[in-house]
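Q: The following block contains the structure, expressed as structure tokens.
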There are 2 protein chains.
Amino acid sequence: MSRLDASLLADLPPFSGMSRDALDDMLARAVSFRSAKDAYVFREGEEAHSFFLLLDGYVRVVKVTPDGEQVIVRYIATGELLGIAKAIGRDSYPANAVAAVDCVLLAWPSNAWDAIVAAHPGFATNTYSMVGSRLVGTQDRVVELATERVEQRVANAILSLARETGRKTDEGILIDFPISRQDISEMTGTTLHTVSRLLSSWDSKGWIKGGRQKITLVEGHRLMMVASARD
Amino acid sequence: MSRLDASLLADLPPFSGMSRDALDDMLARAVSFRSAKDAYVFREGEEAHSFFLLLDGYVRVVKVTPDGEQVIVRYIATGELLGIAKAIGRDSYPANAVAAVDCVLLAWPSNAWDAIVAAHPGFATNTYSMVGSRLVGTQDRVVELATERVEQRVANAILSLARETGRKTDEGILIDFPISRQDISEMTGTTLHTVSRLLSSWDSKGWIKGGRQKITLVEGHRLMMVASARD
DNA sequence: TCTCCAGTTTGCGACAATGCAAAGATCCGG
DNA sequence: CCGGATCTTTGCATTGTCGCAAACTGGAGA
């Protein structure tokens, strides 16, 4: 049996506003498990048997095109839900989820979704508004891809990663998980070569500090200038 | 008072599975109105006082970038919901909605959302799964913008428009509302010049038939070839 | 410690798509 | 039925980004 306490969940956005009893009930229905770095949490097209909460780590949500190109749809950070197919009326996962580092997750069986929603309307509301934020965020991404140049998109990607997953170090804000030039290119719709050129140029200017699967944001305002440059 | 009959709604996806009484109740809470071509149904950032059902016509959902560029986020067809900010936990509209032709709509006050959801769980479920489909669709759009070339994206855009809003004519499948080269470019993240070049090239091959604010798909399979071309 | 491999950098040529400019076509209102 | 506004087409020069190739580098495992 999992030795997990409701206090683990209490501060997470999906459970905000829920009573201690409600959290206990949610926990009682869940099982926890680990996922090693690079392991799949679920795969696109697979029947959505469960939905998940990421208790620790980072997960990449990835789509693969017919000719094998990968696109990173989003990163899931600690405390977020993933794989909630039932909440959006689907019975298979629409993308792949891969652990970006060793992760700890909680899983609920999808067929418990209706009962959980009925028992915990607050959780349902939180979930639906999270889906809404993701929709709005994804739409913003469409606007970005449609109107901005590669340079701006890469700057934006790094700024968001730093904002959402950044850890303060004495050099600057370090992105908290291993991330390659290739990963950045798959987030921004470009090639690892172009990303590498941009990052090494910014590195030489001292705006960021790069490394193997590592990026530290040193002068965020510089990248913000790049991201919003008129031309 | 609006003289609307519940049978108007019965066949529309948002209301599927609902009883006649439920539909009557929904209708009783709504008011209908018209929106002239090019008029705004709502604007980005505006407080979301209402949510809407499009009873007749087509609506363009548009975002505007800081430097004035427009991006068409989606087209809403007859029978679809729009402006459902409350369903996604927002209290302002995240984009502009503009009538693409003269439209007829139904409006419900947003503050009735909770009561409606409580009274009609089927409607709630339908709405949430529609939000989910839109999320999945928007994610697919991100993948497309990130990986495909302009030519393929334009071909795809025309194919989807024809599929979703096409009207059969003796020449082929006509897109049912006025749509300019500029509109297509705002859907696909390119320029009206490039769209014009592509369309006139396809026109000269007999694959489509263009006109002022008019596109007829003649040989859909040709565009499908273009859309999925390996290179 | 050495070796190998995955990840990164960089140069260079190629080209898809843009930006600019100007002419043509079509429709609507007066 | 005319005139102007809007939409479309097309040529040409420019360029941002890619594709390919090759060298480099840091770190994990033997």
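So you can find residues: chains in the structure tokens are A, B, ... in the order shown, residues in each start at 1, and ligands are numbered from 1 in order.
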Need the shell around DC2 in chain C: protein/DNA/RNA residues with any atom at most 12 Å away, counting only C-alpha atoms (C1' of nucleotides). Skip same-chain ones fewer than 3 positions apart. Format as a ChimeraX atom specification?
A: /D:28-30
Q: Print the selection's residues with N, CA and C atoms (P, O5', C5', C4', C3', O3' and C1' of nucleotides) to a file, as a short mmCIF file (atom, residue, chain, number, x, y, z; two decimals), in the first residue's frame.
A:
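The resulting again-v9.cif:
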```
data_model
loop_
_atom_site.label_atom_id
_atom_site.label_comp_id
_atom_site.auth_asym_id
_atom_site.auth_seq_id
_atom_site.Cartn_x
_atom_site.Cartn_y
_atom_site.Cartn_z
P DA D 28 27.64 11.64 -16.33
"O5'" DA D 28 27.19 10.17 -16.73
"C5'" DA D 28 26.54 9.93 -17.99
"C4'" DA D 28 26.91 8.55 -18.50
"C3'" DA D 28 27.03 7.50 -17.40
"O3'" DA D 28 26.49 6.28 -17.87
"C1'" DA D 28 29.08 7.66 -18.55
P DG D 29 26.23 5.11 -16.89
"O5'" DG D 29 27.15 3.97 -17.50
"C5'" DG D 29 27.08 3.67 -18.90
"C4'" DG D 29 28.30 2.86 -19.29
"C3'" DG D 29 28.59 1.67 -18.37
"O3'" DG D 29 29.03 0.58 -19.15
"C1'" DG D 29 30.47 3.07 -18.47
P DA D 30 29.09 -0.85 -18.60
"O5'" DA D 30 30.52 -1.36 -19.07
"C5'" DA D 30 30.93 -1.16 -20.42
"C4'" DA D 30 32.45 -1.29 -20.49
"C3'" DA D 30 33.01 -2.49 -19.72
"O3'" DA D 30 34.01 -3.12 -20.50
"C1'" DA D 30 34.00 -0.49 -18.93
#
```
Q: Please, which residues in chain B fall within 10 Å of chain C when counting only C-alpha atoms (C1' of nucleotides), and what is the closest atom pair and distance in Å to one decimal for each, ordered by chain then residue number, as a Markdown table?
A:
```
| residue | atom | partner | partner_atom | distance |
| --- | --- | --- | --- | --- |
| B:Arg149 | CA | C:DA16 | C1' | 8.6 |
| B:Val150 | CA | C:DA17 | C1' | 8.2 |
| B:Glu151 | CA | C:DA16 | C1' | 9.9 |
| B:Thr190 | CA | C:DA17 | C1' | 8.4 |
| B:Thr191 | CA | C:DT18 | C1' | 7.8 |
| B:His193 | CA | C:DT18 | C1' | 8.8 |
| B:Thr194 | CA | C:DA17 | C1' | 7.5 |
| B:Gly211 | CA | C:DT26 | C1' | 9.1 |
| B:Arg212 | CA | C:DT26 | C1' | 7.0 |
```
Q: As a count of residues only, please: the residues near range 61-73 of chain A (cut-off 7 Å, only C-alpha atoms (C1' of nucleotides), same-chain neighbours under 3 positions excluded).
A: 8
Q: CA of Val154 in chain B to CA of Ile173 in chain B: how many Å, to one decimal?
A: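 Between CA of Val154 in chain B and CA of Ile173 in chain B the gap works out to 16.4 Å.
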Q: Among range 2-217 of chain B, which ones does DSSP place in helix (DSSP H, G or I), written as a ChimeraX atom specification?
A: /B:7-10,13-15,20-29,85-88,110-119,121-147,150-165,181-188,192-204
Q: How about saving the chosen residues, C-alpha atoms kept, as a tab-separated table (two decimals), in the first residue's frame?
A:
```
chain	number	residue	atom	x	y	z
B	7	SER	CA	-36.46	20.87	-32.45
B	8	LEU	CA	-33.98	23.47	-33.66
B	9	LEU	CA	-31.50	22.26	-31.08
B	10	ALA	CA	-32.33	18.60	-30.95
B	13	PRO	CA	-24.05	17.98	-31.14
B	14	PRO	CA	-23.96	20.17	-28.01
B	15	PHE	CA	-27.44	18.99	-27.13
B	20	ARG	CA	-37.26	17.61	-25.17
B	21	ASP	CA	-37.99	19.18	-21.79
B	22	ALA	CA	-34.34	19.87	-21.21
B	23	LEU	CA	-34.10	21.55	-24.60
B	24	ASP	CA	-37.13	23.67	-23.81
B	25	ASP	CA	-35.50	24.73	-20.57
B	26	MET	CA	-32.26	25.62	-22.36
B	27	LEU	CA	-34.16	27.63	-24.94
B	28	ALA	CA	-36.14	29.44	-22.29
B	29	ARG	CA	-32.92	30.76	-20.80
B	85	ALA	CA	-15.33	31.12	-21.30
B	86	LYS	CA	-17.05	29.94	-18.12
B	87	ALA	CA	-16.67	26.31	-19.13
B	88	ILE	CA	-12.93	26.77	-19.15
B	110	SER	CA	-22.54	33.43	-18.40
B	111	ASN	CA	-23.80	33.67	-14.86
B	112	ALA	CA	-26.41	31.05	-15.75
B	113	TRP	CA	-23.61	28.62	-16.59
B	114	ASP	CA	-23.47	26.89	-13.23
B	115	ALA	CA	-27.21	26.45	-13.05
B	116	ILE	CA	-27.36	25.12	-16.59
B	117	VAL	CA	-24.56	22.65	-15.97
B	118	ALA	CA	-26.23	21.48	-12.76
B	119	ALA	CA	-29.59	21.08	-14.46
B	121	PRO	CA	-25.22	17.25	-17.00
B	122	GLY	CA	-25.46	15.91	-20.54
B	123	PHE	CA	-24.95	19.37	-21.93
B	124	ALA	CA	-21.97	19.83	-19.63
B	125	THR	CA	-20.41	16.59	-20.78
B	126	ASN	CA	-20.95	17.45	-24.42
B	127	THR	CA	-19.38	20.84	-23.88
B	128	TYR	CA	-16.35	19.51	-22.08
B	129	SER	CA	-15.67	16.95	-24.73
B	130	MET	CA	-16.00	19.66	-27.37
B	131	VAL	CA	-13.38	21.67	-25.50
B	132	GLY	CA	-11.27	18.54	-25.54
B	133	SER	CA	-11.65	18.07	-29.27
B	134	ARG	CA	-10.66	21.67	-29.81
B	135	LEU	CA	-7.60	21.18	-27.65
B	136	VAL	CA	-6.59	18.09	-29.59
B	137	GLY	CA	-7.29	19.85	-32.87
B	138	THR	CA	-5.26	22.87	-31.86
B	139	GLN	CA	-2.39	20.63	-30.85
B	140	ASP	CA	-2.52	19.03	-34.27
B	141	ARG	CA	-2.32	22.49	-35.71
B	142	VAL	CA	0.85	23.14	-33.71
B	143	VAL	CA	2.35	19.94	-35.08
B	144	GLU	CA	1.41	21.00	-38.58
B	145	LEU	CA	2.88	24.48	-38.24
B	146	ALA	CA	6.01	23.04	-36.71
B	147	THR	CA	6.69	20.38	-39.31
B	150	VAL	CA	3.56	26.24	-46.50
B	151	GLU	CA	2.32	24.38	-49.54
B	152	GLN	CA	1.15	21.46	-47.40
B	153	ARG	CA	-0.45	23.67	-44.79
B	154	VAL	CA	-2.41	25.59	-47.39
B	155	ALA	CA	-3.56	22.36	-49.01
B	156	ASN	CA	-4.65	21.06	-45.61
B	157	ALA	CA	-6.49	24.25	-44.77
B	158	ILE	CA	-8.50	24.10	-47.98
B	159	LEU	CA	-9.25	20.43	-47.49
B	160	SER	CA	-10.52	20.97	-43.94
B	161	LEU	CA	-12.61	23.95	-44.94
B	162	ALA	CA	-14.12	21.95	-47.77
B	163	ARG	CA	-14.74	19.01	-45.46
B	164	GLU	CA	-16.28	21.04	-42.65
B	165	THR	CA	-18.12	23.74	-44.52
B	181	ARG	CA	-6.37	34.70	-49.95
B	182	GLN	CA	-5.52	36.84	-46.95
B	183	ASP	CA	-7.83	34.70	-44.76
B	184	ILE	CA	-6.10	31.52	-45.89
B	185	SER	CA	-2.74	33.08	-45.15
B	186	GLU	CA	-3.92	33.99	-41.65
B	187	MET	CA	-4.97	30.40	-41.09
B	188	THR	CA	-1.69	28.93	-42.25
B	192	LEU	CA	-1.41	36.35	-49.07
B	193	HIS	CA	1.13	36.45	-51.91
B	194	THR	CA	2.31	32.93	-51.31
B	195	VAL	CA	-1.28	31.70	-51.00
B	196	SER	CA	-2.21	33.43	-54.21
B	197	ARG	CA	0.71	31.87	-56.04
B	198	LEU	CA	-0.22	28.40	-54.79
B	199	LEU	CA	-3.91	28.73	-55.53
B	200	SER	CA	-3.41	30.11	-59.02
B	201	SER	CA	-0.98	27.31	-59.74
B	202	TRP	CA	-3.50	24.69	-58.56
B	203	ASP	CA	-6.22	26.51	-60.44
B	204	SER	CA	-4.28	26.33	-63.69
```
Q: Could you please tell me, as a PDB file with all heavy atoms, in the first residue's frame, which residues of chain D have an atom within 12 Å of chain B when using only C-alpha atoms (C1' of nucleotides)?
A:
```
ATOM      1  P    DT D   6     -11.518  49.725 -49.044  1.00  0.00           P
ATOM      2  OP1  DT D   6     -12.218  49.728 -47.746  1.00  0.00           O
ATOM      3  OP2  DT D   6     -10.157  50.287 -49.203  1.00  0.00           O
ATOM      4  O5'  DT D   6     -11.504  48.229 -49.595  1.00  0.00           O
ATOM      5  C5'  DT D   6     -12.756  47.620 -49.961  1.00  0.00           C
ATOM      6  C4'  DT D   6     -12.462  46.340 -50.714  1.00  0.00           C
ATOM      7  O4'  DT D   6     -12.025  46.637 -52.068  1.00  0.00           O
ATOM      8  C3'  DT D   6     -11.353  45.485 -50.089  1.00  0.00           C
ATOM      9  O3'  DT D   6     -11.880  44.182 -49.914  1.00  0.00           O
ATOM     10  C2'  DT D   6     -10.224  45.524 -51.121  1.00  0.00           C
ATOM     11  C1'  DT D   6     -11.003  45.742 -52.411  1.00  0.00           C
ATOM     12  N1   DT D   6     -10.249  46.357 -53.534  1.00  0.00           N
ATOM     13  C2   DT D   6     -10.315  45.763 -54.769  1.00  0.00           C
ATOM     14  O2   DT D   6     -10.959  44.745 -54.981  1.00  0.00           O
ATOM     15  N3   DT D   6      -9.599  46.403 -55.769  1.00  0.00           N
ATOM     16  C4   DT D   6      -8.846  47.557 -55.636  1.00  0.00           C
ATOM     17  O4   DT D   6      -8.250  48.026 -56.598  1.00  0.00           O
ATOM     18  C5   DT D   6      -8.817  48.123 -54.311  1.00  0.00           C
ATOM     19  C7   DT D   6      -8.042  49.376 -54.063  1.00  0.00           C
ATOM     20  C6   DT D   6      -9.515  47.507 -53.333  1.00  0.00           C
ATOM     21  P    DC D   7     -11.085  43.065 -49.109  1.00  0.00           P
ATOM     22  OP1  DC D   7     -12.075  42.322 -48.315  1.00  0.00           O
ATOM     23  OP2  DC D   7      -9.887  43.669 -48.492  1.00  0.00           O
ATOM     24  O5'  DC D   7     -10.603  42.122 -50.303  1.00  0.00           O
ATOM     25  C5'  DC D   7     -11.577  41.584 -51.201  1.00  0.00           C
ATOM     26  C4'  DC D   7     -10.870  41.005 -52.397  1.00  0.00           C
ATOM     27  O4'  DC D   7     -10.271  42.061 -53.171  1.00  0.00           O
ATOM     28  C3'  DC D   7      -9.732  40.029 -52.062  1.00  0.00           C
ATOM     29  O3'  DC D   7     -10.025  38.802 -52.702  1.00  0.00           O
ATOM     30  C2'  DC D   7      -8.477  40.711 -52.621  1.00  0.00           C
ATOM     31  C1'  DC D   7      -9.063  41.592 -53.718  1.00  0.00           C
ATOM     32  N1   DC D   7      -8.238  42.770 -54.101  1.00  0.00           N
ATOM     33  C2   DC D   7      -7.894  42.948 -55.442  1.00  0.00           C
ATOM     34  O2   DC D   7      -8.279  42.121 -56.277  1.00  0.00           O
ATOM     35  N3   DC D   7      -7.135  44.021 -55.797  1.00  0.00           N
ATOM     36  C4   DC D   7      -6.737  44.894 -54.878  1.00  0.00           C
ATOM     37  N4   DC D   7      -5.999  45.929 -55.288  1.00  0.00           N
ATOM     38  C5   DC D   7      -7.079  44.735 -53.497  1.00  0.00           C
ATOM     39  C6   DC D   7      -7.824  43.664 -53.156  1.00  0.00           C
ATOM     40  P    DT D   8      -9.024  37.563 -52.641  1.00  0.00           P
ATOM     41  OP1  DT D   8      -9.832  36.341 -52.791  1.00  0.00           O
ATOM     42  OP2  DT D   8      -8.109  37.715 -51.506  1.00  0.00           O
ATOM     43  O5'  DT D   8      -8.199  37.754 -53.977  1.00  0.00           O
ATOM     44  C5'  DT D   8      -8.877  37.702 -55.234  1.00  0.00           C
ATOM     45  C4'  DT D   8      -7.866  37.804 -56.352  1.00  0.00           C
ATOM     46  O4'  DT D   8      -7.266  39.120 -56.331  1.00  0.00           O
ATOM     47  C3'  DT D   8      -6.707  36.814 -56.266  1.00  0.00           C
ATOM     48  O3'  DT D   8      -6.733  36.029 -57.445  1.00  0.00           O
ATOM     49  C2'  DT D   8      -5.458  37.679 -56.149  1.00  0.00           C
ATOM     50  C1'  DT D   8      -5.924  39.014 -56.708  1.00  0.00           C
ATOM     51  N1   DT D   8      -5.234  40.222 -56.176  1.00  0.00           N
ATOM     52  C2   DT D   8      -4.556  41.030 -57.046  1.00  0.00           C
ATOM     53  O2   DT D   8      -4.484  40.810 -58.236  1.00  0.00           O
ATOM     54  N3   DT D   8      -3.962  42.130 -56.475  1.00  0.00           N
ATOM     55  C4   DT D   8      -3.977  42.484 -55.128  1.00  0.00           C
ATOM     56  O4   DT D   8      -3.404  43.494 -54.736  1.00  0.00           O
ATOM     57  C5   DT D   8      -4.710  41.589 -54.268  1.00  0.00           C
ATOM     58  C7   DT D   8      -4.796  41.870 -52.801  1.00  0.00           C
ATOM     59  C6   DT D   8      -5.292  40.512 -54.828  1.00  0.00           C
ATOM     60  P    DT D   9      -5.729  34.822 -57.607  1.00  0.00           P
ATOM     61  OP1  DT D   9      -6.431  33.789 -58.400  1.00  0.00           O
ATOM     62  OP2  DT D   9      -5.147  34.497 -56.292  1.00  0.00           O
ATOM     63  O5'  DT D   9      -4.605  35.464 -58.523  1.00  0.00           O
ATOM     64  C5'  DT D   9      -4.973  36.049 -59.774  1.00  0.00           C
ATOM     65  C4'  DT D   9      -3.768  36.746 -60.371  1.00  0.00           C
ATOM     66  O4'  DT D   9      -3.422  37.884 -59.565  1.00  0.00           O
ATOM     67  C3'  DT D   9      -2.504  35.886 -60.475  1.00  0.00           C
ATOM     68  O3'  DT D   9      -2.134  35.820 -61.847  1.00  0.00           O
ATOM     69  C2'  DT D   9      -1.465  36.628 -59.628  1.00  0.00           C
ATOM     70  C1'  DT D   9      -2.023  38.050 -59.591  1.00  0.00           C
ATOM     71  N1   DT D   9      -1.669  38.875 -58.406  1.00  0.00           N
ATOM     72  C2   DT D   9      -1.050  40.086 -58.593  1.00  0.00           C
ATOM     73  O2   DT D   9      -0.746  40.524 -59.675  1.00  0.00           O
ATOM     74  N3   DT D   9      -0.797  40.777 -57.431  1.00  0.00           N
ATOM     75  C4   DT D   9      -1.102  40.389 -56.132  1.00  0.00           C
ATOM     76  O4   DT D   9      -0.834  41.096 -55.180  1.00  0.00           O
ATOM     77  C5   DT D   9      -1.759  39.106 -56.016  1.00  0.00           C
ATOM     78  C7   DT D   9      -2.128  38.588 -54.672  1.00  0.00           C
ATOM     79  C6   DT D   9      -2.004  38.415 -57.136  1.00  0.00           C
ATOM     80  P    DT D  10      -1.204  34.676 -62.388  1.00  0.00           P
ATOM     81  OP1  DT D  10      -1.679  34.331 -63.740  1.00  0.00           O
ATOM     82  OP2  DT D  10      -1.052  33.637 -61.354  1.00  0.00           O
ATOM     83  O5'  DT D  10       0.185  35.427 -62.518  1.00  0.00           O
ATOM     84  C5'  DT D  10       0.197  36.758 -63.031  1.00  0.00           C
ATOM     85  C4'  DT D  10       1.531  37.407 -62.747  1.00  0.00           C
ATOM     86  O4'  DT D  10       1.462  38.133 -61.497  1.00  0.00           O
ATOM     87  C3'  DT D  10       2.719  36.456 -62.621  1.00  0.00           C
ATOM     88  O3'  DT D  10       3.661  36.840 -63.604  1.00  0.00           O
ATOM     89  C2'  DT D  10       3.243  36.673 -61.206  1.00  0.00           C
ATOM     90  C1'  DT D  10       2.737  38.074 -60.902  1.00  0.00           C
ATOM     91  N1   DT D  10       2.555  38.409 -59.468  1.00  0.00           N
ATOM     92  C2   DT D  10       2.859  39.691 -59.057  1.00  0.00           C
ATOM     93  O2   DT D  10       3.271  40.550 -59.805  1.00  0.00           O
ATOM     94  N3   DT D  10       2.651  39.922 -57.723  1.00  0.00           N
ATOM     95  C4   DT D  10       2.185  39.013 -56.777  1.00  0.00           C
ATOM     96  O4   DT D  10       2.040  39.350 -55.614  1.00  0.00           O
ATOM     97  C5   DT D  10       1.890  37.693 -57.284  1.00  0.00           C
ATOM     98  C7   DT D  10       1.395  36.644 -56.353  1.00  0.00           C
ATOM     99  C6   DT D  10       2.093  37.462 -58.579  1.00  0.00           C
ATOM    100  P    DG D  11       4.926  36.014 -63.974  1.00  0.00           P
ATOM    101  OP1  DG D  11       4.898  35.809 -65.438  1.00  0.00           O
ATOM    102  OP2  DG D  11       5.056  34.858 -63.067  1.00  0.00           O
ATOM    103  O5'  DG D  11       6.072  37.076 -63.651  1.00  0.00           O
ATOM    104  C5'  DG D  11       6.024  38.354 -64.280  1.00  0.00           C
ATOM    105  C4'  DG D  11       7.115  39.239 -63.708  1.00  0.00           C
ATOM    106  O4'  DG D  11       6.725  39.675 -62.388  1.00  0.00           O
ATOM    107  C3'  DG D  11       8.476  38.548 -63.572  1.00  0.00           C
ATOM    108  O3'  DG D  11       9.497  39.411 -64.058  1.00  0.00           O
ATOM    109  C2'  DG D  11       8.603  38.301 -62.070  1.00  0.00           C
ATOM    110  C1'  DG D  11       7.765  39.433 -61.471  1.00  0.00           C
ATOM    111  N9   DG D  11       7.141  39.093 -60.191  1.00  0.00           N
ATOM    112  C8   DG D  11       6.418  37.956 -59.905  1.00  0.00           C
ATOM    113  N7   DG D  11       5.966  37.932 -58.680  1.00  0.00           N
ATOM    114  C5   DG D  11       6.418  39.119 -58.121  1.00  0.00           C
ATOM    115  C6   DG D  11       6.237  39.643 -56.817  1.00  0.00           C
ATOM    116  O6   DG D  11       5.623  39.149 -55.868  1.00  0.00           O
ATOM    117  N1   DG D  11       6.865  40.877 -56.658  1.00  0.00           N
ATOM    118  C2   DG D  11       7.568  41.526 -57.649  1.00  0.00           C
ATOM    119  N2   DG D  11       8.094  42.692 -57.313  1.00  0.00           N
ATOM    120  N3   DG D  11       7.744  41.049 -58.876  1.00  0.00           N
ATOM    121  C4   DG D  11       7.145  39.850 -59.045  1.00  0.00           C
ATOM    122  P    DC D  18      14.778  26.125 -39.593  1.00  0.00           P
ATOM    123  OP1  DC D  18      13.552  25.458 -39.130  1.00  0.00           O
ATOM    124  OP2  DC D  18      15.882  26.406 -38.665  1.00  0.00           O
ATOM    125  O5'  DC D  18      15.332  25.292 -40.840  1.00  0.00           O
ATOM    126  C5'  DC D  18      14.502  25.169 -41.997  1.00  0.00           C
ATOM    127  C4'  DC D  18      15.251  24.468 -43.104  1.00  0.00           C
ATOM    128  O4'  DC D  18      16.369  25.265 -43.551  1.00  0.00           O
ATOM    129  C3'  DC D  18      15.804  23.100 -42.743  1.00  0.00           C
ATOM    130  O3'  DC D  18      15.415  22.192 -43.762  1.00  0.00           O
ATOM    131  C2'  DC D  18      17.327  23.325 -42.706  1.00  0.00           C
ATOM    132  C1'  DC D  18      17.511  24.466 -43.691  1.00  0.00           C
ATOM    133  N1   DC D  18      18.679  25.354 -43.433  1.00  0.00           N
ATOM    134  C2   DC D  18      19.641  25.565 -44.438  1.00  0.00           C
ATOM    135  O2   DC D  18      19.526  24.975 -45.508  1.00  0.00           O
ATOM    136  N3   DC D  18      20.674  26.406 -44.193  1.00  0.00           N
ATOM    137  C4   DC D  18      20.763  27.028 -43.022  1.00  0.00           C
ATOM    138  N4   DC D  18      21.802  27.864 -42.837  1.00  0.00           N
ATOM    139  C5   DC D  18      19.796  26.834 -41.983  1.00  0.00           C
ATOM    140  C6   DC D  18      18.783  25.990 -42.234  1.00  0.00           C
TER     141       DC D  18
END
```
Q: Running DSSP on the backbone, which parts of range 1-215 of chain B land in strand (DSSP E or B), as a PyMOL selection string?
A: chain B and resi 31-35+40-42+47+50-56+59-64+70-76+81-82+92+96-99+103-109+166-168+173-175+208-211+214-215
Q: Go through B:Glu148, B:Lys168, B:Arg90, B:Gly189 one by one, measure the shortest atom-to-atom distance of each to Ser228 in chain B using only C-alpha atoms, and give the residue with the smallest value.
A: B:Glu148
Q: Env of Asp91 in chain B: 9 Å cut, atoms = only C-alpha atoms (C1' of nucleotides), seq-sep filter 6 positions within chain, self excluded. Answer as a ChimeraX atom specification.
A: /B:45-49,85,110
Q: Export, as a compact mmCIF listing (two decimals), in the first residue's frame, the selected residues with N, CA and C atoms.
A:
```
# COMPACT_ATOMS: atom_id res chain seq x y z
N GLY B 45 -10.45 39.83 -24.50
CA GLY B 45 -10.21 40.60 -23.29
C GLY B 45 -11.49 41.11 -22.64
N GLU B 46 -12.54 41.23 -23.42
CA GLU B 46 -13.83 41.68 -22.94
C GLU B 46 -14.37 40.71 -21.89
N GLU B 47 -15.09 41.24 -20.92
CA GLU B 47 -15.69 40.37 -19.91
C GLU B 47 -16.69 39.43 -20.57
N ALA B 48 -16.59 38.16 -20.23
CA ALA B 48 -17.42 37.14 -20.89
C ALA B 48 -18.82 37.12 -20.30
N HIS B 49 -19.65 38.06 -20.71
CA HIS B 49 -21.00 38.16 -20.16
C HIS B 49 -21.91 37.01 -20.64
N ALA B 85 -16.42 30.81 -22.22
CA ALA B 85 -15.33 31.12 -21.30
C ALA B 85 -15.56 30.45 -19.93
N SER B 110 -23.57 34.28 -19.00
CA SER B 110 -22.54 33.43 -18.40
C SER B 110 -22.87 33.07 -16.96
```
Q: Residues at most 6 Å from Ile215 in chain A, counting only C-alpha atoms (C1' of nucleotides), excluding those fewer than 2 positions away in the same chain, as a list in words?
A: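 After dropping sequence-adjacent residues, the list is Ile175, Lys209 and Gly210 of chain A.
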Q: Emit the selected residues as a PDB file, in the first residue's frame, including C-alpha atoms.
A:
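Written output follows (selection_37.pdb):
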```
ATOM      1  CA  ILE A 175      16.232  24.807 -16.439  1.00  0.00           C
ATOM      2  CA  LYS A 209      25.059  29.809 -20.263  1.00  0.00           C
ATOM      3  CA  GLY A 210      24.800  26.608 -22.234  1.00  0.00           C
TER       4      GLY A 210
END
```
Q: For chain A, which residue out of B:Thr169, B:Thr216, B:Ser92, B:Ser50 is the nearest one, using only C-alpha atoms?
A: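 Distance minimum relative to chain A lands on B:Ser92.
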Q: So, with only C-alpha atoms as the atoms that count, which of B:Tyr75, B:Tyr93, B:Trp207, B:Phe177 lies closest to chain A?
A: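 That would be B:Tyr93, the residue with the smallest distance to chain A.
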Q: Just the residues within 10 Å of range 38-41 of chain B, please, counting only C-alpha atoms (C1' of nucleotides), with nothing from its chain fewer than 4 positions along; format it as a short mmCIF file (atom, residue, chain, number, x, y, z; two decimals) with N, CA, C and O atoms, in the first residue's frame.
A:
```
data_model
loop_
_atom_site.label_atom_id
_atom_site.label_comp_id
_atom_site.auth_asym_id
_atom_site.auth_seq_id
_atom_site.Cartn_x
_atom_site.Cartn_y
_atom_site.Cartn_z
N ARG B 34 -29.14 38.62 -34.13
CA ARG B 34 -28.44 38.53 -35.40
C ARG B 34 -27.14 39.29 -35.32
O ARG B 34 -26.99 40.23 -34.55
N PHE B 52 -22.47 31.44 -26.44
CA PHE B 52 -23.30 31.49 -27.64
C PHE B 52 -23.41 30.15 -28.34
O PHE B 52 -22.52 29.31 -28.25
N VAL B 59 -18.63 31.87 -38.14
CA VAL B 59 -17.92 32.88 -37.33
C VAL B 59 -16.44 32.55 -37.35
O VAL B 59 -16.04 31.40 -37.24
N ARG B 60 -15.63 33.60 -37.52
CA ARG B 60 -14.18 33.47 -37.49
C ARG B 60 -13.68 33.82 -36.09
O ARG B 60 -14.08 34.86 -35.56
N VAL B 61 -12.84 32.97 -35.51
CA VAL B 61 -12.23 33.30 -34.23
C VAL B 61 -10.80 33.75 -34.50
O VAL B 61 -10.01 33.02 -35.10
N LEU B 82 -19.80 28.82 -29.06
CA LEU B 82 -18.61 29.68 -28.99
C LEU B 82 -18.70 30.59 -27.78
O LEU B 82 -19.77 30.80 -27.22
N GLY B 83 -17.55 31.09 -27.38
CA GLY B 83 -17.50 32.04 -26.27
C GLY B 83 -17.78 31.41 -24.91
O GLY B 83 -18.19 32.10 -23.98
N ASN B 96 -11.09 37.19 -30.43
CA ASN B 96 -12.19 37.91 -31.07
C ASN B 96 -13.03 36.93 -31.88
O ASN B 96 -12.49 35.98 -32.44
N ALA B 97 -14.32 37.21 -31.96
CA ALA B 97 -15.21 36.41 -32.82
C ALA B 97 -15.90 37.36 -33.78
O ALA B 97 -16.57 38.30 -33.36
N VAL B 98 -15.73 37.10 -35.06
CA VAL B 98 -16.28 37.98 -36.09
C VAL B 98 -17.17 37.16 -37.02
O VAL B 98 -16.79 36.07 -37.46
N ALA B 99 -18.34 37.71 -37.32
CA ALA B 99 -19.25 37.02 -38.24
C ALA B 99 -18.66 37.02 -39.64
O ALA B 99 -18.30 38.06 -40.18
N ALA B 100 -18.53 35.83 -40.22
CA ALA B 100 -17.97 35.72 -41.58
C ALA B 100 -19.05 35.97 -42.63
O ALA B 100 -18.76 36.31 -43.77
N VAL B 101 -20.29 35.76 -42.22
CA VAL B 101 -21.47 36.09 -43.03
C VAL B 101 -22.53 36.60 -42.04
O VAL B 101 -22.29 36.58 -40.84
N ASP B 102 -23.66 37.03 -42.53
CA ASP B 102 -24.75 37.37 -41.62
C ASP B 102 -25.09 36.12 -40.81
O ASP B 102 -25.25 35.04 -41.38
N CYS B 103 -25.20 36.28 -39.51
CA CYS B 103 -25.38 35.12 -38.63
C CYS B 103 -26.60 35.26 -37.74
O CYS B 103 -27.07 36.37 -37.46
N LEU B 105 -27.63 33.88 -33.87
CA LEU B 105 -27.06 33.23 -32.70
C LEU B 105 -28.05 33.17 -31.55
O LEU B 105 -29.03 33.92 -31.51
#
```
